[in-house]
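Structure file upload_14.cif (mmCIF, C-alpha atoms) follows.
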data_start
loop_
_atom_site.label_atom_id
_atom_site.label_comp_id
_atom_site.auth_asym_id
_atom_site.auth_seq_id
_atom_site.Cartn_x
_atom_site.Cartn_y
_atom_site.Cartn_z
CA MET A 1 -1.64 10.87 -90.15
CA ALA A 2 -4.75 9.20 -91.54
CA ALA A 3 -2.90 7.10 -94.09
CA PRO A 4 -1.92 4.16 -91.79
CA ALA A 5 -5.58 3.52 -90.89
CA ALA A 6 -6.52 2.52 -94.44
CA PRO A 7 -4.98 -1.02 -94.41
CA VAL A 8 -6.65 -1.81 -91.07
CA ALA A 9 -10.01 -0.77 -92.46
CA THR A 10 -9.40 -2.88 -95.55
CA VAL A 11 -8.61 -5.98 -93.46
CA THR A 12 -11.65 -5.38 -91.27
CA LEU A 13 -13.92 -5.02 -94.26
CA ARG A 14 -12.49 -8.12 -95.90
CA SER A 15 -13.04 -10.14 -92.72
CA ALA A 16 -16.60 -8.84 -92.38
CA GLU A 17 -17.34 -9.64 -96.02
CA PHE A 18 -15.89 -13.13 -95.58
CA ARG A 19 -18.15 -13.78 -92.59
CA ARG A 20 -21.27 -12.27 -94.17
CA ASN A 21 -21.12 -14.55 -97.20
CA ARG A 22 -20.50 -17.77 -95.29
CA GLU A 23 -21.64 -17.47 -91.68
CA THR A 24 -25.14 -18.81 -92.34
CA ALA A 25 -23.72 -22.10 -93.60
CA TRP A 26 -21.35 -22.34 -90.62
CA ARG A 27 -24.18 -21.83 -88.14
CA MET A 28 -26.30 -24.45 -89.91
CA LEU A 29 -23.44 -26.96 -89.73
CA ASP A 30 -22.77 -26.12 -86.08
CA GLU A 31 -26.43 -26.66 -85.22
CA LEU A 32 -26.59 -30.03 -87.05
CA VAL A 33 -23.34 -31.27 -85.53
CA SER A 34 -24.46 -30.26 -82.03
CA ARG A 35 -27.71 -32.19 -82.46
CA VAL A 36 -25.87 -35.30 -83.66
CA GLU A 37 -23.39 -35.08 -80.78
CA LYS A 38 -26.23 -34.90 -78.24
CA LYS A 39 -28.86 -37.23 -79.73
CA GLY A 40 -27.33 -39.10 -82.68
CA LEU A 41 -27.87 -39.09 -86.43
CA SER A 42 -31.38 -40.49 -86.06
CA ARG A 43 -32.60 -37.03 -85.04
CA LEU A 44 -31.75 -35.55 -88.45
CA SER A 45 -34.21 -35.57 -91.32
CA ALA A 46 -33.37 -37.06 -94.71
CA GLY A 47 -32.79 -33.59 -96.11
CA GLU A 48 -30.49 -32.65 -93.24
CA LEU A 49 -28.48 -35.85 -93.71
CA GLN A 50 -27.97 -34.97 -97.36
CA GLU A 51 -26.97 -31.41 -96.50
CA LEU A 52 -24.50 -32.34 -93.74
CA PRO A 53 -21.53 -33.38 -95.97
CA LEU A 54 -22.10 -30.35 -98.24
CA LEU A 55 -21.97 -28.00 -95.26
CA TYR A 56 -18.86 -29.80 -93.97
CA ARG A 57 -17.04 -29.29 -97.26
CA THR A 58 -18.09 -25.64 -97.29
CA ALA A 59 -16.68 -25.10 -93.78
CA ALA A 60 -13.44 -26.91 -94.68
CA SER A 61 -13.06 -24.69 -97.73
CA SER A 62 -13.74 -21.58 -95.62
CA LEU A 63 -11.07 -22.68 -93.14
CA SER A 64 -8.54 -23.11 -95.93
CA VAL A 65 -9.28 -19.63 -97.29
CA ALA A 66 -9.26 -18.02 -93.82
CA ARG A 67 -5.86 -19.52 -93.01
CA SER A 68 -4.40 -18.48 -96.37
CA ILE A 69 -5.38 -14.81 -96.04
CA ALA A 70 -4.71 -14.63 -92.27
CA LEU A 71 -8.11 -13.45 -91.11
CA ASP A 72 -9.16 -12.97 -87.48
CA ARG A 73 -7.49 -15.58 -85.25
CA ASN A 74 -10.68 -16.26 -83.29
CA LEU A 75 -12.52 -16.99 -86.52
CA ILE A 76 -9.84 -19.46 -87.57
CA LEU A 77 -9.99 -21.23 -84.18
CA TYR A 78 -13.78 -21.46 -84.44
CA LEU A 79 -13.59 -22.95 -87.94
CA GLU A 80 -10.87 -25.41 -86.89
CA GLY A 81 -13.05 -26.71 -84.08
CA LEU A 82 -16.16 -26.85 -86.27
CA VAL A 83 -14.42 -28.71 -89.10
CA LEU A 84 -12.87 -31.22 -86.69
CA ARG A 85 -16.24 -31.92 -85.03
CA ALA A 86 -18.01 -32.18 -88.37
CA PHE A 87 -15.36 -34.55 -89.74
CA PHE A 88 -16.11 -37.14 -87.07
CA VAL A 89 -19.87 -36.73 -87.59
CA VAL A 90 -19.66 -37.09 -91.38
CA TYR A 91 -17.06 -39.86 -91.55
CA GLY A 92 -17.46 -41.44 -88.12
CA PRO A 93 -18.91 -44.89 -87.40
CA ARG A 94 -22.65 -45.53 -87.13
CA ILE A 95 -22.57 -48.20 -84.39
CA GLY A 96 -21.51 -48.28 -80.77
CA ILE A 97 -18.29 -46.39 -80.17
CA LEU A 98 -16.28 -49.19 -78.57
CA GLU A 99 -17.50 -51.84 -81.02
CA ALA A 100 -16.87 -49.58 -84.00
CA LEU A 101 -13.43 -48.56 -82.75
CA GLY A 102 -12.40 -52.16 -82.14
CA GLY A 103 -13.56 -53.27 -85.59
CA PHE A 104 -11.92 -50.29 -87.22
CA LEU A 105 -8.56 -50.87 -85.52
CA LYS A 106 -8.63 -54.63 -86.17
CA ARG A 107 -9.78 -54.54 -89.80
CA GLY A 108 -10.75 -51.24 -91.36
CA PHE A 109 -7.69 -49.10 -90.71
CA PRO A 110 -4.91 -51.58 -91.60
CA ALA A 111 -6.89 -52.77 -94.64
CA ALA A 112 -7.26 -49.18 -95.85
CA VAL A 113 -3.51 -48.65 -95.47
CA ARG A 114 -2.67 -51.84 -97.39
CA GLY A 115 -5.02 -50.81 -100.18
CA ALA A 116 -3.39 -47.42 -100.74
CA GLY A 117 0.19 -48.39 -101.53
CA TRP A 118 1.04 -45.97 -104.33
CA HIS A 119 -0.92 -43.14 -102.71
CA ILE A 120 1.15 -43.56 -99.53
CA LEU A 121 4.36 -43.70 -101.57
CA LEU A 122 3.50 -40.49 -103.42
CA ALA A 123 2.59 -38.70 -100.17
CA ALA A 124 5.84 -39.88 -98.54
CA LEU A 125 7.84 -38.67 -101.55
CA ALA A 126 6.21 -35.22 -101.28
CA ILE A 127 7.24 -34.87 -97.63
CA THR A 128 10.72 -36.26 -98.34
CA ALA A 129 11.22 -33.81 -101.21
CA GLY A 130 10.16 -30.96 -98.93
CA ILE A 131 12.62 -32.07 -96.24
CA GLY A 132 15.46 -32.18 -98.77
CA ILE A 133 14.63 -28.78 -100.26
CA GLY A 134 14.23 -27.10 -96.86
CA TYR A 135 17.50 -28.59 -95.63
CA LEU A 136 19.47 -27.50 -98.71
CA MET A 137 18.01 -23.99 -98.59
CA VAL A 138 18.75 -23.29 -94.92
CA LEU A 139 22.08 -25.13 -94.62
CA PRO A 140 24.17 -22.45 -96.43
CA ASP A 141 21.93 -19.47 -95.60
CA GLU A 142 19.95 -19.51 -92.35
CA ALA A 143 18.04 -16.39 -93.38
CA TRP A 144 15.76 -18.84 -95.22
CA PHE A 145 14.73 -20.34 -91.88
CA SER A 146 12.66 -17.30 -90.91
CA LEU A 147 10.99 -17.31 -94.33
CA LEU A 148 10.10 -21.02 -94.30
CA VAL A 149 9.10 -21.54 -90.65
CA PRO A 150 6.15 -19.57 -89.22
CA GLU A 151 6.90 -17.73 -85.99
CA GLY A 152 4.39 -19.82 -84.08
CA LEU A 153 6.17 -23.04 -85.03
CA ALA A 154 9.66 -21.60 -84.62
CA GLY A 155 8.97 -21.01 -80.92
CA GLY A 156 11.79 -18.49 -80.63
CA ARG A 157 14.29 -20.74 -82.41
CA GLY A 158 16.15 -19.38 -85.40
CA PRO A 159 19.47 -18.18 -86.78
CA ALA A 160 20.21 -16.33 -83.53
CA SER A 161 19.87 -19.49 -81.41
CA THR A 162 23.07 -20.96 -80.01
CA ALA A 163 23.77 -24.64 -79.52
CA GLU A 164 23.56 -24.23 -75.75
CA GLN A 165 20.19 -22.48 -75.97
CA LEU A 166 18.77 -25.26 -78.16
CA ARG A 167 20.05 -27.93 -75.77
CA ARG A 168 18.72 -26.17 -72.66
CA THR A 169 15.36 -24.86 -73.90
CA GLU A 170 14.44 -27.47 -76.53
CA ILE A 171 16.20 -30.81 -76.84
CA PHE A 172 16.90 -31.37 -73.14
CA ALA A 173 14.47 -28.88 -71.62
CA PRO A 174 13.12 -29.96 -68.20
CA TRP A 175 9.78 -31.74 -68.01
CA PRO A 176 7.13 -29.07 -67.26
CA GLY A 177 4.92 -31.30 -65.12
CA PHE A 178 1.89 -33.50 -65.62
CA VAL A 179 -0.78 -30.85 -66.26
CA ASP A 180 1.24 -28.74 -68.67
CA SER A 181 2.52 -31.83 -70.50
CA PHE A 182 -0.42 -34.21 -70.76
CA VAL A 183 -3.31 -31.74 -70.64
CA VAL A 184 -2.30 -28.36 -72.04
CA PHE A 185 0.51 -29.07 -74.50
CA ALA A 186 -0.68 -32.48 -75.69
CA ASN A 187 -4.17 -31.09 -76.35
CA PHE A 188 -2.74 -28.16 -78.33
CA LEU A 189 -0.51 -30.46 -80.39
CA PHE A 190 -3.38 -32.82 -81.20
CA ARG A 191 -5.70 -30.02 -82.29
CA HIS A 192 -3.04 -28.37 -84.44
CA ASN A 193 -1.80 -31.57 -86.08
CA ALA A 194 -5.31 -32.96 -86.59
CA THR A 195 -6.35 -29.74 -88.32
CA ILE A 196 -3.36 -29.97 -90.67
CA GLY A 197 -4.06 -33.64 -91.31
CA ILE A 198 -7.75 -33.12 -92.07
CA MET A 199 -6.94 -30.21 -94.37
CA THR A 200 -4.40 -32.39 -96.19
CA PHE A 201 -7.09 -35.02 -96.65
CA GLY A 202 -9.85 -32.59 -97.61
CA LEU A 203 -7.78 -30.80 -100.24
CA GLY A 204 -7.83 -34.02 -102.25
CA VAL A 205 -11.12 -32.86 -103.80
CA PHE A 206 -9.10 -30.30 -105.79
CA GLY A 207 -7.24 -32.94 -107.75
CA GLY A 208 -4.49 -33.79 -105.26
CA VAL A 209 -2.09 -30.97 -106.12
CA PRO A 210 -2.87 -28.88 -102.98
CA THR A 211 -2.52 -32.05 -100.90
CA LEU A 212 0.98 -32.67 -102.26
CA LEU A 213 1.94 -29.01 -101.83
CA LEU A 214 0.81 -28.98 -98.18
CA LEU A 215 2.74 -32.20 -97.51
CA GLY A 216 5.79 -30.71 -99.19
CA TYR A 217 5.51 -27.59 -97.05
CA GLN A 218 5.43 -29.67 -93.86
CA GLY A 219 8.63 -31.29 -95.12
CA LEU A 220 10.19 -27.88 -95.82
CA ILE A 221 9.68 -26.89 -92.16
CA LEU A 222 11.30 -30.08 -90.87
CA GLY A 223 14.19 -29.74 -93.33
CA ALA A 224 14.79 -26.17 -92.15
CA PHE A 225 15.01 -27.35 -88.52
CA LEU A 226 17.37 -30.17 -89.49
CA ALA A 227 19.74 -27.71 -91.18
CA LEU A 228 19.57 -25.28 -88.24
CA HIS A 229 20.60 -28.00 -85.80
CA TYR A 230 23.23 -29.49 -88.13
CA ASN A 231 24.98 -26.14 -88.26
CA ARG A 232 25.27 -26.27 -84.46
CA GLY A 233 26.46 -29.85 -84.20
CA LEU A 234 23.11 -31.04 -82.83
CA LEU A 235 21.73 -33.03 -85.75
CA VAL A 236 21.75 -36.45 -84.07
CA ASP A 237 20.30 -35.07 -80.82
CA PHE A 238 17.59 -33.26 -82.77
CA ILE A 239 16.70 -36.36 -84.80
CA GLY A 240 16.38 -38.32 -81.56
CA TRP A 241 14.24 -35.56 -80.03
CA VAL A 242 11.94 -35.59 -83.08
CA SER A 243 11.88 -39.33 -83.76
CA ILE A 244 10.31 -40.32 -80.45
CA HIS A 245 7.01 -38.82 -81.63
CA GLY A 246 7.79 -37.89 -85.25
CA VAL A 247 7.62 -41.42 -86.64
CA THR A 248 3.97 -41.57 -85.60
CA GLU A 249 3.18 -37.94 -86.44
CA ILE A 250 4.78 -37.87 -89.89
CA GLY A 251 3.32 -41.29 -90.67
CA ALA A 252 -0.14 -39.97 -89.81
CA LEU A 253 0.29 -36.92 -92.06
CA ILE A 254 1.38 -39.21 -94.89
CA LEU A 255 -1.76 -41.32 -94.41
CA CYS A 256 -3.97 -38.20 -94.42
CA GLY A 257 -2.31 -37.17 -97.65
CA ALA A 258 -2.79 -40.65 -99.09
CA GLY A 259 -6.50 -40.44 -98.27
CA GLY A 260 -6.68 -37.13 -100.12
CA LEU A 261 -4.91 -38.70 -103.11
CA VAL A 262 -7.43 -41.56 -103.15
CA ILE A 263 -10.18 -38.95 -103.47
CA ALA A 264 -8.20 -37.07 -106.12
CA GLU A 265 -7.70 -40.24 -108.17
CA LYS A 266 -11.43 -40.94 -108.33
CA ILE A 267 -12.15 -37.34 -109.32
CA LEU A 268 -9.54 -37.28 -112.08
CA PHE A 269 -9.84 -40.90 -113.23
CA PRO A 270 -13.31 -42.23 -112.34
CA GLY A 271 -12.96 -45.23 -114.67
CA ARG A 272 -16.12 -46.91 -115.91
CA TYR A 273 -18.26 -45.26 -113.24
CA ASN A 274 -19.34 -41.64 -113.05
CA ARG A 275 -17.42 -39.46 -110.61
CA LEU A 276 -20.03 -39.54 -107.84
CA ASP A 277 -20.30 -43.34 -107.88
CA SER A 278 -16.53 -43.70 -108.06
CA LEU A 279 -16.10 -41.33 -105.10
CA ALA A 280 -18.76 -43.19 -103.12
CA MET A 281 -16.95 -46.50 -103.60
CA ALA A 282 -13.55 -45.05 -102.66
CA GLY A 283 -14.86 -42.81 -99.87
CA LYS A 284 -14.87 -45.48 -97.16
CA ALA A 285 -11.22 -46.41 -97.71
CA ALA A 286 -10.17 -42.76 -97.93
CA ALA A 287 -12.07 -41.88 -94.74
CA GLY A 288 -10.51 -44.93 -93.06
CA LEU A 289 -7.04 -43.62 -93.82
CA ALA A 290 -7.85 -40.15 -92.49
CA GLY A 291 -9.76 -41.38 -89.43
CA GLY A 292 -6.99 -43.77 -88.43
CA ALA A 293 -4.40 -41.08 -89.00
CA VAL A 294 -6.24 -38.77 -86.59
CA LEU A 295 -6.01 -41.49 -83.93
CA MET A 296 -2.29 -41.76 -84.65
CA LEU A 297 -1.98 -38.00 -84.18
CA PHE A 298 -3.63 -38.36 -80.78
CA VAL A 299 -0.97 -40.92 -79.82
CA ALA A 300 1.76 -38.64 -81.19
CA GLY A 301 0.39 -35.72 -79.16
CA ILE A 302 0.54 -37.74 -75.94
CA ILE A 303 4.12 -38.84 -76.67
CA GLU A 304 5.32 -35.40 -77.73
CA GLY A 305 3.50 -33.40 -75.11
CA GLY A 306 3.85 -35.72 -72.15
CA LEU A 307 6.66 -38.23 -72.57
CA ARG A 308 9.34 -36.75 -74.80
CA GLN A 309 11.02 -34.53 -72.21
CA LEU A 310 10.90 -37.29 -69.59
CA ILE A 311 13.39 -39.29 -71.67
CA ALA A 312 16.52 -37.12 -71.72
CA SER A 313 18.67 -39.58 -73.65
CA THR A 314 19.28 -39.41 -77.39
CA PRO A 315 20.02 -43.17 -77.78
CA TRP A 316 16.82 -44.05 -75.92
CA ARG A 317 14.81 -41.57 -77.99
CA LEU A 318 16.19 -43.03 -81.21
CA ALA A 319 15.45 -46.55 -79.98
CA ILE A 320 11.86 -45.63 -79.16
CA GLY A 321 11.46 -43.92 -82.54
CA ILE A 322 12.71 -47.03 -84.34
CA ALA A 323 10.51 -49.27 -82.19
CA THR A 324 7.38 -47.25 -82.98
CA GLY A 325 8.19 -47.46 -86.70
CA VAL A 326 8.58 -51.24 -86.48
CA LEU A 327 5.34 -51.62 -84.51
CA TRP A 328 3.30 -49.47 -86.91
CA THR A 329 4.71 -51.35 -89.90
CA ALA A 330 3.91 -54.73 -88.34
CA TYR A 331 0.41 -53.54 -87.45
CA PHE A 332 -0.38 -52.31 -90.95
CA LEU A 333 1.06 -55.36 -92.70
CA SER A 334 -0.31 -58.13 -90.50
CA ILE A 335 -3.41 -57.11 -88.52
CA GLY A 336 -6.76 -57.88 -90.12
CA ARG A 337 -5.51 -60.17 -92.88
CA ARG A 338 -7.71 -63.15 -93.65
CA GLY A 339 -6.14 -66.53 -93.05
CA ARG A 340 -6.53 -69.37 -95.47
CA HIS A 341 -9.05 -71.19 -93.32
CA GLY A 342 -10.60 -68.52 -91.19
CA PRO A 343 -11.94 -65.03 -90.94
CA ALA A 344 -9.94 -61.87 -90.35
CA THR A 345 -8.36 -61.68 -86.94
#
The structure in this file should be written as structure tokens.
Amino acid sequence: MAAPAAPVATVTLRSAEFRRNRETAWRMLDELVSRVEKKGLSRLSAGELQELPLLYRTAASSLSVARSIALDRNLILYLEGLVLRAFFVVYGPRIGILEALGGFLKRGFPAAVRGAGWHILLAALAITAGIGIGYLMVLPDEAWFSLLVPEGLAGGRGPASTAEQLRRTEIFAPWPGFVDSFVVFANFLFRHNATIGIMTFGLGVFGGVPTLLLLGYQGLILGAFLALHYNRGLLVDFIGWVSIHGVTEIGALILCGAGGLVIAEKILFPGRYNRLDSLAMAGKAAAGLAGGAVLMLFVAGIIEGGLRQLIASTPWRLAIGIATGVLWTAYFLSIGRRGRHGPAT
């Protein structure tokens, strides 16, 4: 009768050991971030300013490990919030919020996107490959769906779902109301997607391979859903349901991955500079990609959480998805370019 208790004790001990070795650094980061949020960076000493990015990277690494070995859920939620707050402190602007945001959206973000062409292409190929692999795995054998898609993301959908159930509870489910849509669900989606995006960016310090693998895994999940709905004759409806927010959301994840690949490139191929100098020069562009992508994820969260179910028409959803793709492309390609006779607009 005592045998089943052993694994529980092992997990508890592992979680306690994980906390004991790292909790001091987390508390230090939490304290520094709280001070910056209340009183600004000027209240930190020179030593604390130097330590802040190191503590941020330590917390991001801890979050990655905690998620991979499925430790206590409350611990993971705490680390997700801490890493997200620290990201904005470490990589955020140093001037007034509105002025900085305006300048970033007019110049910094689109310029960073235009300067990372092959990084974006490689990140997009990783997601595309994942979509194709997930689709081809699940299409003939839906047992793969449960292996590829975590239960929390499946939301009760799976091989047992019928076409009618998917129409009624997913694709054309009734709008749940303003509070549930714009406050509860949109906030959850933003936090979840922003955490994935920041992790995709942060993993670039390990040479880019984990970044590409995480992007590919996100593609696997989408490919599995595409196959599930194809088998029930709902592929077009599902693509419309996803496209209304997915163009923005997937684009943001690609940009986070591209930022991670910029970091990876400077670590692997620093050129004529040493690695630290090379990283310092590329860091602003990489952070611009990730920071802008987080803003895109906020927009995607509002659309997905609040607006998607209000538009119960597949043609209109597809039209909106295409329109958002065209608008983002025009924004990245045209905004902030310098004219021949004038400054950047």
Problem - Residues near region 253-270 of chain A, cut-off 6 Å, only C-alpha atoms, skip fewer than 5 positions along chain, as a PyMOL selection string - result: chain A and resi 119-120+123-124+197+200-201+204-205+207-208+275+278-279+286+289-290
How would the residues just picked look written out with C-alpha atoms as an mmCIF file, in the frame of the given file?
data_model
loop_
_atom_site.group_PDB
_atom_site.id
_atom_site.type_symbol
_atom_site.label_atom_id
_atom_site.label_comp_id
_atom_site.auth_asym_id
_atom_site.auth_seq_id
_atom_site.Cartn_x
_atom_site.Cartn_y
_atom_site.Cartn_z
ATOM 1 C CA HIS A 119 -0.920 -43.140 -102.710
ATOM 2 C CA ILE A 120 1.150 -43.560 -99.530
ATOM 3 C CA ALA A 123 2.590 -38.700 -100.170
ATOM 4 C CA ALA A 124 5.840 -39.880 -98.540
ATOM 5 C CA GLY A 197 -4.060 -33.640 -91.310
ATOM 6 C CA THR A 200 -4.400 -32.390 -96.190
ATOM 7 C CA PHE A 201 -7.090 -35.020 -96.650
ATOM 8 C CA GLY A 204 -7.830 -34.020 -102.250
ATOM 9 C CA VAL A 205 -11.120 -32.860 -103.800
ATOM 10 C CA GLY A 207 -7.240 -32.940 -107.750
ATOM 11 C CA GLY A 208 -4.490 -33.790 -105.260
ATOM 12 C CA ARG A 275 -17.420 -39.460 -110.610
ATOM 13 C CA SER A 278 -16.530 -43.700 -108.060
ATOM 14 C CA LEU A 279 -16.100 -41.330 -105.100
ATOM 15 C CA ALA A 286 -10.170 -42.760 -97.930
ATOM 16 C CA LEU A 289 -7.040 -43.620 -93.820
ATOM 17 C CA ALA A 290 -7.850 -40.150 -92.490
#
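CA of Gly301 (chain A) is found 9.7 Å from CA of His192 (chain A).
What the PyMOL selection byres ((chain A and resi 35) around 12) picks from this file is Met28, Leu29, Asp30, Glu31, Leu32, Val33, Ser34, Val36, Glu37, Lys38, Lys39, Gly40, Leu41, Ser42, Arg43, Leu44, Ser45, Glu48, Leu49, Leu52, Arg85, Ala86 and Val89 of chain A.
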Exercise for the section: Using the chain letters and numbering of this document, enumerate as a PyMOL selection string the residues selected by the PyMOL selection byres ((chain A and resi 127-129) around 6). Expected result: chain A and resi 124-126+130-132+215-216+219
Practice task
List the neighbours of region 325-333 of chain A out to 12 Å using all atoms listed in the file; skip same-chain residues closer than 3 positions along the sequence, and give me the result as an MDAnalysis selection string.
Solution key: chainID A and resid 105:117 243:252 255 289 292:293 296 299 318:322 336:338 345
Edge lengths and centre in Å to one decimal, as lines of an AutoDock Vina configuration file, is what I'm after for the box along x, y and z that holds all listed atoms of region 239-256 of chain A once 8 Å is added on each side.
center_x = 6.4
center_y = -38.6
center_z = -87.5
size_x = 36.7
size_y = 22.0
size_z = 30.9
Show which residues sit within 9 Å of region 68-81 of chain A, as a short mmCIF file (atom, residue, chain, number, x, y, z; two decimals) with C-alpha atoms, keeping the file's coordinate frame. Count only C-alpha atoms, and ignore same-chain residues fewer than 2 positions away.
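Written file, result.cif:
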data_model
loop_
_atom_site.label_atom_id
_atom_site.label_comp_id
_atom_site.auth_asym_id
_atom_site.auth_seq_id
_atom_site.Cartn_x
_atom_site.Cartn_y
_atom_site.Cartn_z
CA VAL A 11 -8.61 -5.98 -93.46
CA THR A 12 -11.65 -5.38 -91.27
CA ARG A 14 -12.49 -8.12 -95.90
CA SER A 15 -13.04 -10.14 -92.72
CA PHE A 18 -15.89 -13.13 -95.58
CA ARG A 19 -18.15 -13.78 -92.59
CA TRP A 26 -21.35 -22.34 -90.62
CA ALA A 59 -16.68 -25.10 -93.78
CA ALA A 60 -13.44 -26.91 -94.68
CA SER A 62 -13.74 -21.58 -95.62
CA LEU A 63 -11.07 -22.68 -93.14
CA SER A 64 -8.54 -23.11 -95.93
CA VAL A 65 -9.28 -19.63 -97.29
CA ALA A 66 -9.26 -18.02 -93.82
CA VAL A 83 -14.42 -28.71 -89.10
CA LEU A 84 -12.87 -31.22 -86.69
CA ARG A 85 -16.24 -31.92 -85.03
CA ALA A 86 -18.01 -32.18 -88.37
CA ARG A 191 -5.70 -30.02 -82.29
CA HIS A 192 -3.04 -28.37 -84.44
CA THR A 195 -6.35 -29.74 -88.32
#
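Atom to atom, CA of Arg272 (chain A) and CA of Leu55 (chain A) stand 28.6 Å apart.
The smallest atom-to-atom distance between Phe178 (chain A) and any of A:Ile302, A:Glu17, A:Ala323, A:Ala46, using all atoms listed in the file, is found for A:Ile302.
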Practice task
Using only C-alpha atoms, pick whichever of A:Ser181, A:Asn231, A:Ser61, A:Thr324 has the shortest atom-to-atom distance to Ile198 (chain A).
Solution key: A:Ser61
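Closest approach to Gln309 (chain A) from the set A:Pro176, A:Gly240, A:Gly156, A:Gly233 is made by A:Pro176, with distances taken over only C-alpha atoms.
With only C-alpha atoms as the atoms that count, the residue of A:Gly47, A:Gly158, A:Gly305, A:Gly202 with the shortest distance to Val183 (chain A) is A:Gly305.
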Exercise for the section: In Å, rounded to a single decimal, give me how far CA of Ala100 (chain A) is from CA of Phe88 (chain A). Expected result: 12.8 Å
Exercise for the section: Carefully work through the PyMOL selection byres ((chain A and resi 139) around 10) for this structure and note down the residues it includes, as a PyMOL selection string. Expected result: chain A and resi 134-138+140-145+223-231
Problem - Of the listed residues A:Tyr91, A:Trp241, A:Phe298, A:Tyr56, that which approaches Ile171 (chain A) most closely, counting only C-alpha atoms - result: A:Trp241
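Minimum atom-to-atom distances from A:Asn187, A:Ser313, A:Ser146, A:Thr58 to Leu203 (chain A) were compared using only C-alpha atoms, and the lowest value belongs to A:Thr58.
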Is there a way to complete region 270-282 of chain A with N, CA, C and O atoms and then write that out as a compact mmCIF listing (two decimals), in the coordinates of the input?
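Everything below was put into selection04.txt:
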# COMPACT_ATOMS: atom_id res chain seq x y z
N PRO A 270 -12.20 -41.46 -112.93
CA PRO A 270 -13.31 -42.23 -112.34
C PRO A 270 -13.48 -43.62 -112.93
O PRO A 270 -14.21 -44.44 -112.37
N GLY A 271 -12.82 -43.91 -114.06
CA GLY A 271 -12.96 -45.23 -114.67
C GLY A 271 -14.30 -45.42 -115.34
O GLY A 271 -14.86 -44.50 -115.94
N ARG A 272 -14.86 -46.60 -115.21
CA ARG A 272 -16.12 -46.91 -115.91
C ARG A 272 -17.34 -46.37 -115.19
O ARG A 272 -18.44 -46.44 -115.71
N TYR A 273 -17.15 -45.84 -113.99
CA TYR A 273 -18.26 -45.26 -113.24
C TYR A 273 -18.24 -43.74 -113.38
O TYR A 273 -17.21 -43.15 -113.73
N ASN A 274 -19.38 -43.10 -113.09
CA ASN A 274 -19.34 -41.64 -113.05
C ASN A 274 -18.62 -41.20 -111.77
O ASN A 274 -18.37 -42.00 -110.87
N ARG A 275 -18.26 -39.93 -111.70
CA ARG A 275 -17.42 -39.46 -110.61
C ARG A 275 -18.06 -39.65 -109.24
O ARG A 275 -17.40 -40.02 -108.27
N LEU A 276 -19.37 -39.40 -109.14
CA LEU A 276 -20.03 -39.54 -107.84
C LEU A 276 -20.01 -40.98 -107.37
O LEU A 276 -19.73 -41.26 -106.19
N ASP A 277 -20.31 -41.93 -108.27
CA ASP A 277 -20.30 -43.34 -107.88
C ASP A 277 -18.89 -43.79 -107.54
O ASP A 277 -18.67 -44.55 -106.59
N SER A 278 -17.91 -43.33 -108.32
CA SER A 278 -16.53 -43.70 -108.06
C SER A 278 -16.07 -43.17 -106.70
O SER A 278 -15.39 -43.86 -105.93
N LEU A 279 -16.45 -41.91 -106.40
CA LEU A 279 -16.10 -41.33 -105.10
C LEU A 279 -16.78 -42.08 -103.96
O LEU A 279 -16.18 -42.29 -102.90
N ALA A 280 -18.03 -42.47 -104.16
CA ALA A 280 -18.76 -43.19 -103.12
C ALA A 280 -18.08 -44.51 -102.79
O ALA A 280 -17.97 -44.90 -101.62
N MET A 281 -17.59 -45.20 -103.82
CA MET A 281 -16.95 -46.50 -103.60
C MET A 281 -15.58 -46.33 -102.92
O MET A 281 -15.17 -47.17 -102.13
N ALA A 282 -14.87 -45.27 -103.25
CA ALA A 282 -13.55 -45.05 -102.66
C ALA A 282 -13.61 -44.29 -101.34
O ALA A 282 -12.62 -44.26 -100.60
